[in-house]
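Here is the structure we will look at, set down as structure tokens.
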Amino acid sequence: MHILVIEDNPDLVANLYDFFEARGHVVDAAYNGTSGLDFAGRNAYDAIVLDLMLPNVDGLDVCRSLREGGNSVPVLMLTARDTLEDKLEGFSCGADDYLVKPFALQELEARLLSLVRRARGEQGRRRLSVGDLVFDPDTLRVERAGRAISLPPIPLKILSILLQQSPRVVPRHEIERRIWGDDCPDSDALRAHMHVLRMSIDKPFDAPLLRTVHGIGYQLVEPGAPSG
């Protein structure tokens, strides 16, 4: 799954990152409602984990804005509020599920997988592809020319970002922000992960798909596509 977490508690976000990425999922995080809406508007997610109490724009307004804007991604609300009235208010704004803090991470994952399966059953399976490279967000399976490719979590997340944005050139700073937020390890971290990705999806094959646009960022394009 590609999950957007909109939550202002950095410790909880760190726990969610560690848990989900260790299990092969891809996670983006926004720490307030405004940023959450920006992420959701620019990227395709399988599910959104949404805190009810947020700075700037609260979770109810975030969910309401998503639905009014036509975004049907499954939303699971997290909150310390556990009254029936609170839950009904969340559902009335368009939430698909509701989990009260504190919660078990395994239960959160199970609920998200159920929501995603339900949504895909209604909408059909969505696969991302460029040329003969295919990524299935449901199973996290990557193939090129019918050959399975195994990727570590961060290169897998980079691949998902580039596939979603293809053929757009994705700036380095945008990739770094989506992976590490404001805590990018160092200036060479992204370059190292891009090398792993390139060696996995391009090196064993005749035609490269991953391009470096010097001074700007990276893009995934069909072989022979014009530069830029």
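Letters A, B, ... mark the chains of the structure tokens in the order given; residue numbers begin at 1 per chain; ligand numbers begin at 1, in order shown.
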Which of region 22-135 of chain A DSSP labels alpha helix (DSSP H), written as a CSV table (one decimal) with C-alpha atoms, in the first residue's frame:
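Contents of the output file result_39.csv:
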chain,number,residue,atom,x,y,z
A,22,ALA,CA,9.3,-2.8,7.5
A,33,GLY,CA,-4.2,19.6,7.7
A,34,THR,CA,-3.0,22.0,5.1
A,35,SER,CA,0.0,19.9,4.1
A,36,GLY,CA,-2.2,16.8,4.2
A,37,LEU,CA,-4.6,18.3,1.6
A,38,ASP,CA,-1.6,19.3,-0.5
A,39,PHE,CA,-0.1,15.8,-0.5
A,40,ALA,CA,-3.5,14.2,-1.2
A,41,GLY,CA,-4.1,16.6,-4.1
A,42,ARG,CA,-0.7,16.0,-5.8
A,59,GLY,CA,-9.4,16.1,10.4
A,60,LEU,CA,-13.1,16.6,9.8
A,61,ASP,CA,-12.5,19.5,7.5
A,62,VAL,CA,-9.7,17.7,5.7
A,63,CYS,CA,-12.0,14.7,5.1
A,64,ARG,CA,-14.8,16.9,4.0
A,65,SER,CA,-12.5,18.8,1.6
A,66,LEU,CA,-11.3,15.6,0.1
A,67,ARG,CA,-14.8,14.3,-0.6
A,68,GLU,CA,-16.1,17.6,-1.9
A,84,LEU,CA,-20.8,7.6,19.3
A,85,GLU,CA,-21.4,11.2,18.4
A,86,ASP,CA,-17.7,11.8,17.5
A,87,LYS,CA,-17.7,8.6,15.3
A,88,LEU,CA,-20.9,9.6,13.5
A,89,GLU,CA,-19.5,13.1,12.8
A,90,GLY,CA,-16.4,11.5,11.3
A,91,PHE,CA,-18.5,9.2,9.1
A,92,SER,CA,-20.7,12.1,8.0
A,105,LEU,CA,-0.5,-1.3,14.7
A,106,GLN,CA,-1.5,-4.7,13.4
A,107,GLU,CA,-5.2,-3.8,13.7
A,108,LEU,CA,-4.5,-0.5,11.9
A,109,GLU,CA,-2.8,-2.4,9.0
A,110,ALA,CA,-5.6,-5.0,8.9
A,111,ARG,CA,-8.3,-2.3,8.7
A,112,LEU,CA,-6.4,-0.4,6.0
A,113,LEU,CA,-5.9,-3.5,3.9
A,114,SER,CA,-9.6,-4.2,4.2
A,115,LEU,CA,-10.5,-0.7,3.0
A,116,VAL,CA,-8.1,-0.9,0.1
A,117,ARG,CA,-9.4,-4.3,-1.0
A,118,ARG,CA,-12.9,-3.0,-0.9
A,119,ALA,CA,-12.0,0.1,-2.9
A,120,ARG,CA,-10.1,-1.9,-5.5
A,121,GLY,CA,-13.0,-4.3,-5.7
A,122,GLU,CA,-15.2,-1.4,-6.7
A,123,GLN,CA,-12.7,0.4,-8.9
* Using DSSP on the backbone coordinates, identify the residues of region 72-194 of chain A assigned to strand (DSSP E or B); present them as a VMD selection string. => chain A and resid 75 to 79 97 to 100 128 to 130 133 to 136 141 to 144 147 to 149 170 to 171
* Shell of 10 Å around region 4-21 of chain A, only C-alpha atoms, local chain residues under 2 positions omitted, as an MDAnalysis selection string -> chainID A and resid 1:2 23:37 39:40 43:55 59 62 75:78 105:106 108:109 152:154 157
* **Spatial neighbours of Tyr218 (chain A), 8 Å, only C-alpha atoms, chain gap at least 6 places, as a ChimeraX atom specification** => /A:162,169-172,210-212
Please produce a file of the residues just selected, as a tab-separated table (two decimals), in the first residue's frame, where the atoms kept are N, CA, C and O atoms.
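Result saved to selection-v5.tsv:
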chain	number	residue	atom	x	y	z
A	162	LEU	N	8.11	8.15	-8.81
A	162	LEU	CA	8.45	8.44	-10.20
A	162	LEU	C	7.41	7.88	-11.17
A	162	LEU	O	7.09	8.51	-12.19
A	169	VAL	N	9.46	15.36	-14.73
A	169	VAL	CA	10.73	15.37	-13.99
A	169	VAL	C	10.43	15.74	-12.55
A	169	VAL	O	9.87	16.81	-12.28
A	170	VAL	N	10.76	14.85	-11.62
A	170	VAL	CA	10.48	15.09	-10.20
A	170	VAL	C	11.74	15.67	-9.56
A	170	VAL	O	12.79	15.02	-9.55
A	171	PRO	N	11.66	16.88	-9.03
A	171	PRO	CA	12.85	17.51	-8.44
A	171	PRO	C	13.40	16.71	-7.27
A	171	PRO	O	12.64	16.05	-6.53
A	172	ARG	N	14.71	16.79	-7.08
A	172	ARG	CA	15.36	16.09	-5.97
A	172	ARG	C	14.72	16.46	-4.64
A	172	ARG	O	14.46	15.60	-3.81
A	210	LEU	N	15.11	5.09	-16.43
A	210	LEU	CA	15.34	6.10	-15.40
A	210	LEU	C	16.35	7.12	-15.91
A	210	LEU	O	17.47	6.76	-16.29
A	211	ARG	N	15.96	8.38	-15.91
A	211	ARG	CA	16.83	9.44	-16.39
A	211	ARG	C	17.16	10.42	-15.26
A	211	ARG	O	16.29	10.77	-14.47
A	212	THR	N	18.40	10.86	-15.23
A	212	THR	CA	18.83	11.94	-14.36
A	212	THR	C	18.80	13.23	-15.16
A	212	THR	O	19.42	13.31	-16.22
* Nearest residue to Ala80 (chain A) from the set A:Gly224, A:Gly181, A:Pro102, A:Pro155 (distances using only C-alpha atoms) ->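 Going through A:Gly224, A:Gly181, A:Pro102, A:Pro155 one by one, the smallest distance to Ala80 (chain A) is for A:Pro102.
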* Asked: For Leu220 (chain A), which of A:Pro74, A:Gly94, A:Pro185, A:Pro167 is the closest residue, counting only C-alpha atoms?
  -> A:Pro167
